[in-house]
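S.K.: Just one file: final.cif, with mmCIF, C-alpha atoms and all ligand atoms.
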data_final
loop_
_atom_site.group_PDB
_atom_site.id
_atom_site.type_symbol
_atom_site.label_atom_id
_atom_site.label_comp_id
_atom_site.auth_asym_id
_atom_site.auth_seq_id
_atom_site.Cartn_x
_atom_site.Cartn_y
_atom_site.Cartn_z
ATOM 1 C CA MET D 1 0.000 0.000 0.000
ATOM 2 C CA PRO D 2 1.365 3.438 -0.881
ATOM 3 C CA LYS D 3 1.709 5.875 1.999
ATOM 4 C CA TYR D 4 -0.363 8.563 0.248
ATOM 5 C CA ALA D 5 -3.351 7.991 -2.046
ATOM 6 C CA PHE D 6 -6.300 9.935 -3.426
ATOM 7 C CA GLY D 7 -9.546 9.669 -1.490
ATOM 8 C CA ARG D 8 -13.018 9.361 -2.954
ATOM 9 C CA LYS D 9 -13.579 13.131 -3.337
ATOM 10 C CA SER D 10 -10.248 13.547 -5.160
ATOM 11 C CA GLU D 11 -11.075 10.651 -7.493
ATOM 12 C CA LYS D 12 -14.436 12.222 -8.310
ATOM 13 C CA CYS D 13 -12.751 15.533 -9.164
ATOM 14 C CA LEU D 14 -10.058 13.769 -11.201
ATOM 15 C CA LYS D 15 -12.679 12.227 -13.486
ATOM 16 C CA GLU D 16 -13.838 15.723 -14.489
ATOM 17 C CA LEU D 17 -10.374 16.832 -15.660
ATOM 18 C CA ASP D 18 -8.609 17.135 -18.972
ATOM 19 C CA PRO D 19 -6.543 13.924 -19.304
ATOM 20 C CA ARG D 20 -3.313 15.942 -19.085
ATOM 21 C CA LEU D 21 -4.278 17.198 -15.636
ATOM 22 C CA GLN D 22 -5.274 13.691 -14.551
ATOM 23 C CA ASP D 23 -1.832 12.457 -15.629
ATOM 24 C CA LEU D 24 -0.188 15.334 -13.795
ATOM 25 C CA ALA D 25 -2.005 14.752 -10.500
ATOM 26 C CA ARG D 26 -1.412 11.002 -10.646
ATOM 27 C CA LEU D 27 2.290 11.463 -11.382
ATOM 28 C CA MET D 28 2.541 13.848 -8.411
ATOM 29 C CA MET D 29 0.897 11.318 -6.119
ATOM 30 C CA SER D 30 3.073 8.497 -7.476
ATOM 31 C CA LYS D 31 6.171 10.371 -6.245
ATOM 32 C CA GLN D 32 4.914 9.802 -2.655
ATOM 33 C CA GLU D 33 6.626 13.008 -1.506
ATOM 34 C CA MET D 34 3.664 14.514 0.330
ATOM 35 C CA ASP D 35 -0.049 14.019 0.777
ATOM 36 C CA PHE D 36 -2.507 16.245 -1.063
ATOM 37 C CA ALA D 37 -6.126 16.239 -2.191
ATOM 38 C CA ILE D 38 -7.943 17.480 -5.292
ATOM 39 C CA VAL D 39 -10.844 19.547 -3.962
ATOM 40 C CA CYS D 40 -12.291 20.981 -7.174
ATOM 41 C CA GLY D 41 -12.428 19.958 -10.815
ATOM 42 C CA HIS D 42 -15.358 21.138 -12.917
ATOM 43 C CA ARG D 43 -17.599 23.962 -11.723
ATOM 44 C CA ASN D 44 -21.027 24.382 -13.294
ATOM 45 C CA GLU D 45 -22.706 27.769 -13.662
ATOM 46 C CA SER D 46 -24.207 27.970 -10.169
ATOM 47 C CA GLU D 47 -21.021 26.627 -8.529
ATOM 48 C CA GLN D 48 -18.859 29.133 -10.439
ATOM 49 C CA ASN D 49 -21.054 32.081 -9.597
ATOM 50 C CA ALA D 50 -21.161 30.976 -5.943
ATOM 51 C CA ALA D 51 -17.341 30.822 -5.953
ATOM 52 C CA PHE D 52 -17.276 34.316 -7.485
ATOM 53 C CA ALA D 53 -19.678 35.639 -4.841
ATOM 54 C CA ALA D 54 -17.571 34.081 -2.060
ATOM 55 C CA GLY D 55 -14.385 35.675 -3.417
ATOM 56 C CA ALA D 56 -12.873 32.269 -4.246
ATOM 57 C CA SER D 57 -12.808 33.147 -7.941
ATOM 58 C CA LYS D 58 -12.413 36.453 -9.766
ATOM 59 C CA VAL D 59 -14.451 35.457 -12.814
ATOM 60 C CA LYS D 60 -18.053 34.501 -13.454
ATOM 61 C CA PHE D 61 -19.283 31.532 -15.492
ATOM 62 C CA PRO D 62 -18.136 30.570 -18.149
ATOM 63 C CA ASP D 63 -14.780 32.396 -17.918
ATOM 64 C CA SER D 64 -12.930 30.048 -15.551
ATOM 65 C CA LYS D 65 -10.924 27.058 -16.767
ATOM 66 C CA HIS D 66 -12.954 25.094 -14.200
ATOM 67 C CA ASN D 67 -16.066 25.684 -16.339
ATOM 68 C CA THR D 68 -15.222 23.486 -19.315
ATOM 69 C CA LEU D 69 -15.922 19.770 -19.269
ATOM 70 C CA PRO D 70 -13.438 18.226 -19.040
ATOM 71 C CA ALA D 71 -12.084 20.977 -16.794
ATOM 72 C CA ARG D 72 -8.793 22.666 -17.686
ATOM 73 C CA ALA D 73 -8.062 23.584 -14.066
ATOM 74 C CA TYR D 74 -8.165 21.932 -10.675
ATOM 75 C CA ASP D 75 -7.731 23.053 -7.090
ATOM 76 C CA ARG D 76 -5.526 20.987 -4.828
ATOM 77 C CA VAL D 77 -4.526 21.354 -1.198
ATOM 78 C CA PRO D 78 -1.789 19.868 0.958
ATOM 79 C CA TYR D 79 -3.359 17.253 3.198
ATOM 80 C CA PRO D 80 -4.079 17.765 6.036
ATOM 81 C CA ILE D 81 -4.846 21.360 5.014
ATOM 82 C CA PRO D 82 -2.552 23.775 6.901
ATOM 83 C CA LEU D 83 -4.630 26.049 9.161
ATOM 84 C CA ASN D 84 -3.719 29.279 10.930
ATOM 85 C CA ALA D 85 -4.594 30.188 14.523
ATOM 86 C CA ALA D 86 -8.016 31.419 13.394
ATOM 87 C CA GLY D 87 -8.766 28.040 11.820
ATOM 88 C CA GLU D 88 -8.576 29.414 8.258
ATOM 89 C CA TRP D 89 -6.440 27.991 5.454
ATOM 90 C CA ASP D 90 -2.895 29.153 6.154
ATOM 91 C CA ASP D 91 -1.585 30.744 2.940
ATOM 92 C CA LYS D 92 1.827 31.193 4.573
ATOM 93 C CA SER D 93 2.479 27.495 5.142
ATOM 94 C CA PRO D 94 5.535 26.252 3.206
ATOM 95 C CA LEU D 95 3.491 23.212 2.156
ATOM 96 C CA TRP D 96 1.800 25.238 -0.628
ATOM 97 C CA GLY D 97 5.174 26.057 -2.192
ATOM 98 C CA ARG D 98 6.352 22.454 -1.845
ATOM 99 C CA LEU D 99 3.211 21.198 -3.565
ATOM 100 C CA ALA D 100 3.512 23.777 -6.379
ATOM 101 C CA ALA D 101 7.181 22.869 -6.897
ATOM 102 C CA LEU D 102 6.329 19.162 -7.090
ATOM 103 C CA GLU D 103 3.618 20.066 -9.597
ATOM 104 C CA ARG D 104 5.999 22.063 -11.796
ATOM 105 C CA ARG D 105 8.560 19.242 -11.777
ATOM 106 C CA CYS D 106 5.932 16.674 -12.759
ATOM 107 C CA ALA D 107 4.473 18.971 -15.438
ATOM 108 C CA ALA D 108 7.959 19.399 -16.943
ATOM 109 C CA GLU D 109 8.408 15.620 -16.888
ATOM 110 C CA LEU D 110 5.154 15.226 -18.839
ATOM 111 C CA GLY D 111 5.761 18.198 -21.148
ATOM 112 C CA ILE D 112 2.618 19.999 -19.929
ATOM 113 C CA GLU D 113 2.539 23.778 -19.574
ATOM 114 C CA ILE D 114 0.731 24.916 -16.437
ATOM 115 C CA ILE D 115 0.063 28.056 -14.419
ATOM 116 C CA ASN D 116 0.120 27.355 -10.677
ATOM 117 C CA THR D 117 1.569 30.486 -9.135
ATOM 118 C CA ILE D 118 -1.416 32.823 -8.714
ATOM 119 C CA PRO D 119 -0.577 34.512 -5.378
ATOM 120 C CA TRP D 120 -4.198 35.004 -4.227
ATOM 121 C CA ASP D 121 -5.291 31.502 -5.327
ATOM 122 C CA ARG D 122 -2.826 29.002 -3.905
ATOM 123 C CA PRO D 123 -4.925 25.842 -4.537
ATOM 124 C CA HIS D 124 -5.361 26.628 -8.254
ATOM 125 C CA CYS D 125 -3.529 24.965 -11.137
ATOM 126 C CA GLU D 126 -4.556 25.337 -14.772
ATOM 127 C CA LEU D 127 -3.378 24.410 -18.226
ATOM 128 C CA LYS D 128 -1.623 27.287 -19.985
ATOM 129 C CA ASP D 129 -3.499 26.771 -23.269
HETATM 130 ZN ZN ZN V 201 -9.199 26.970 -9.216
#
Let me see whether you can do it: turn the structure in this file into structure tokens.
M.R.:
Amino acid sequence: MPKYAFGRKSEKCLKELDPRLQDLARLMMSKQEMDFAIVCGHRNESEQNAAFAAGASKVKFPDSKHNTLPARAYDRVPYPIPLNAAGEWDDKSPLWGRLAALERRCAAELGIEIINTIPWDRPHCELKD
């Protein structure tokens, strides 16, 4: 048994993704360097506009790469999710940078161009094209 593996929610999100992003996430997990979860794949119109209203996205449907099916973006988080003293996601945790670096290495290995360095959206990773 591998030390780290995707749970049911991650697997559900993975199925909604462009095959290149599925390959990327699975390669990252296969490295067994750290645990992480995929928390969002496709977002439909009401989910996207709810994310916009909550400040979790800066665009409305259908302008996010989460809005296509298969989705051309996913959100992933280190697992367990690092929390600050207030119990909110801790953007300052070094785990986000470690996960993004692992992602860039794996993307280079697969020859996939990604954008995963949006400062205000640390869980987000999308295909460049
Ligand atoms: Zn996202």
S.K.: At a cut-off of 8 Å and counting all atoms listed in the file, what residues surround ligand ZN 201 (chain V)? Please answer as a PyMOL selection string.
M.R.: chain D and resi 40-41+57+64-66+73-75+121+123-126
S.K.: Could you pull the residues within 12 Å of Glu33 in chain D, counting only C-alpha atoms, minus those fewer than 6 positions along the same chain, as a PDB file with C-alpha atoms, in the frame of the given file?
M.R.:
ATOM      1  CA  PRO D   2       1.365   3.438  -0.881  1.00  0.00           C
ATOM      2  CA  LYS D   3       1.709   5.875   1.999  1.00  0.00           C
ATOM      3  CA  TYR D   4      -0.363   8.563   0.248  1.00  0.00           C
ATOM      4  CA  ALA D   5      -3.351   7.991  -2.046  1.00  0.00           C
ATOM      5  CA  LEU D  27       2.290  11.463 -11.382  1.00  0.00           C
ATOM      6  CA  PRO D  78      -1.789  19.868   0.958  1.00  0.00           C
ATOM      7  CA  TYR D  79      -3.359  17.253   3.198  1.00  0.00           C
ATOM      8  CA  LEU D  95       3.491  23.212   2.156  1.00  0.00           C
ATOM      9  CA  ARG D  98       6.352  22.454  -1.845  1.00  0.00           C
ATOM     10  CA  LEU D  99       3.211  21.198  -3.565  1.00  0.00           C
ATOM     11  CA  ALA D 101       7.181  22.869  -6.897  1.00  0.00           C
ATOM     12  CA  LEU D 102       6.329  19.162  -7.090  1.00  0.00           C
ATOM     13  CA  GLU D 103       3.618  20.066  -9.597  1.00  0.00           C
ATOM     14  CA  CYS D 106       5.932  16.674 -12.759  1.00  0.00           C
TER      15      CYS D 106
END
S.K.: For the structure provided, state which residues fall under the PyMOL selection byres (((chain D and resi 109-115) around 7) and not hetatm), and present them as a list in words.
M.R.: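 Applying the PyMOL selection byres (((chain D and resi 109-115) around 7) and not hetatm) to the structure shown produces Arg105, Cys106, Ala107, Ala108, Asn116, Thr117, Cys125, Glu126, Leu127 and Lys128 of chain D.
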S.K.: Identify which of the residues D:Asn44, D:Ala51, D:Ile38, D:Glu11 lies closest to Leu69 in chain D, counting all atoms listed in the file when measuring atom-to-atom distances.
M.R.: D:Asn44
S.K.: Of the candidates D:Arg8, D:Arg104, D:Arg76, D:Lys92, which shows the shortest atom-to-atom distance to Asp35 in chain D, using only C-alpha atoms?
M.R.: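 Of D:Arg8, D:Arg104, D:Arg76, D:Lys92, the one nearest Asp35 in chain D is D:Arg76, counting only C-alpha atoms.
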S.K.: On this file, the PyMOL selection byres (((chain D and resi 89) around 12) and not hetatm) gives some set of residues; write that set as an NGL selection string.
M.R.: :D and (77-88 or 90-93 or 95-96 or 121-123)
S.K.: Give me the residues near Phe6 in chain D as a list in words, where near means some atom within 10 Å (using only C-alpha atoms) and where sequence neighbours in that chain fewer than 5 positions away do not count.
M.R.: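 Skipping anything fewer than 5 positions along the chain leaves Glu11, Lys12, Leu14, Ala25, Arg26, Met29, Asp35, Phe36, Ala37 and Ile38 of chain D.
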S.K.: Which centre and which edge lengths, in Å to one decimal, describe the axis-aligned box that holds all listed atoms of range 83-93 of chain D after 5 Å is added on each side, as JSON?
M.R.:
{"center_x": -3.1, "center_y": 28.7, "center_z": 8.7, "size_x": 21.2, "size_y": 15.4, "size_z": 21.6}
S.K.: Hey, which of D:Met1, D:Pro62, D:Arg20, D:Ser30 ends up closest to Asp129 in chain D? Count all atoms listed in the file.
M.R.: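 Closest residue, counting all atoms listed in the file: D:Arg20.
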S.K.: So what do you get for CA of Phe52 in chain D versus CA of Lys15 in chain D, distance-wise?
M.R.: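 Spanning CA of Phe52 in chain D to CA of Lys15 in chain D is a straight-line distance of 23.3 Å.
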S.K.: Provide the CA of Val59 in chain D to CA of Gly7 in chain D distance in Å, to one decimal place.
M.R.: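 Going from CA of Val59 in chain D over to CA of Gly7 in chain D covers 28.6 Å.
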S.K.: In Å, rounded to a single decimal, give me how far CA of Arg43 in chain D is from CA of Gly55 in chain D.
M.R.: 14.7 Å
S.K.: Of the candidates D:Gly97, D:Gln32, D:Lys9, D:Asn67, which one gets nearest to Asn49 in chain D if we count only C-alpha atoms?
M.R.: D:Asn67
S.K.: Taking the file as I've supplied it (selection: the PyMOL selection byres (((chain D and resi 17) around 7) and not hetatm)), which residues are included? Please answer as a PDB file with C-alpha atoms, in the frame of the given file.
M.R.:
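Dumped everything to expr-v4.pdb:
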ATOM      1  CA  LEU D  14     -10.058  13.769 -11.201  1.00  0.00           C
ATOM      2  CA  LYS D  15     -12.679  12.227 -13.486  1.00  0.00           C
ATOM      3  CA  GLU D  16     -13.838  15.723 -14.489  1.00  0.00           C
ATOM      4  CA  ASP D  18      -8.609  17.135 -18.972  1.00  0.00           C
ATOM      5  CA  PRO D  19      -6.543  13.924 -19.304  1.00  0.00           C
ATOM      6  CA  LEU D  21      -4.278  17.198 -15.636  1.00  0.00           C
ATOM      7  CA  GLN D  22      -5.274  13.691 -14.551  1.00  0.00           C
ATOM      8  CA  GLY D  41     -12.428  19.958 -10.815  1.00  0.00           C
ATOM      9  CA  PRO D  70     -13.438  18.226 -19.040  1.00  0.00           C
ATOM     10  CA  ALA D  71     -12.084  20.977 -16.794  1.00  0.00           C
ATOM     11  CA  ARG D  72      -8.793  22.666 -17.686  1.00  0.00           C
TER      12      ARG D  72
END
S.K.: Using only C-alpha atoms, which of the listed residues (D:Ser10, D:Pro94, D:Leu24, D:Asp63) sits closest to Glu45 in chain D?
M.R.: D:Asp63
S.K.: Could I see range 97-115 of chain D restored to N, CA and C atoms, set down as a compact mmCIF listing (two decimals), keeping the file's coordinate frame?
M.R.:
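What ended up in out27.txt:
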# COMPACT_ATOMS: atom_id res chain seq x y z
N GLY D 97 4.04 25.92 -1.27
CA GLY D 97 5.17 26.06 -2.19
C GLY D 97 5.77 24.71 -2.56
N ARG D 98 5.82 23.81 -1.57
CA ARG D 98 6.35 22.45 -1.84
C ARG D 98 5.47 21.73 -2.85
N LEU D 99 4.15 21.87 -2.67
CA LEU D 99 3.21 21.20 -3.56
C LEU D 99 3.31 21.79 -4.98
N ALA D 100 3.40 23.11 -5.07
CA ALA D 100 3.51 23.78 -6.38
C ALA D 100 4.80 23.39 -7.08
N ALA D 101 5.89 23.25 -6.30
CA ALA D 101 7.18 22.87 -6.90
C ALA D 101 7.12 21.43 -7.42
N LEU D 102 6.52 20.54 -6.64
CA LEU D 102 6.33 19.16 -7.09
C LEU D 102 5.51 19.14 -8.39
N GLU D 103 4.50 19.98 -8.43
CA GLU D 103 3.62 20.07 -9.60
C GLU D 103 4.40 20.54 -10.84
N ARG D 104 5.22 21.54 -10.66
CA ARG D 104 6.00 22.06 -11.80
C ARG D 104 6.99 21.01 -12.31
N ARG D 105 7.62 20.30 -11.38
CA ARG D 105 8.56 19.24 -11.78
C ARG D 105 7.84 18.15 -12.58
N CYS D 106 6.68 17.74 -12.09
CA CYS D 106 5.93 16.67 -12.76
C CYS D 106 5.40 17.16 -14.11
N ALA D 107 4.97 18.42 -14.18
CA ALA D 107 4.47 18.97 -15.44
C ALA D 107 5.61 19.00 -16.47
N ALA D 108 6.81 19.37 -16.03
CA ALA D 108 7.96 19.40 -16.94
C ALA D 108 8.26 17.98 -17.44
N GLU D 109 8.16 17.02 -16.53
CA GLU D 109 8.41 15.62 -16.89
C GLU D 109 7.43 15.16 -17.96
N LEU D 110 6.19 15.64 -17.88
CA LEU D 110 5.15 15.23 -18.84
C LEU D 110 5.08 16.14 -20.07
N GLY D 111 5.82 17.25 -20.04
CA GLY D 111 5.76 18.20 -21.15
C GLY D 111 4.45 18.98 -21.20
N ILE D 112 3.88 19.25 -20.03
CA ILE D 112 2.62 20.00 -19.93
C ILE D 112 2.93 21.40 -19.41
N GLU D 113 2.34 22.41 -20.06
CA GLU D 113 2.54 23.78 -19.57
C GLU D 113 1.39 24.17 -18.65
N ILE D 114 1.74 24.57 -17.44
CA ILE D 114 0.73 24.92 -16.44
C ILE D 114 0.99 26.30 -15.84
N ILE D 115 -0.05 26.84 -15.23
CA ILE D 115 0.06 28.06 -14.42
C ILE D 115 -0.39 27.66 -13.01
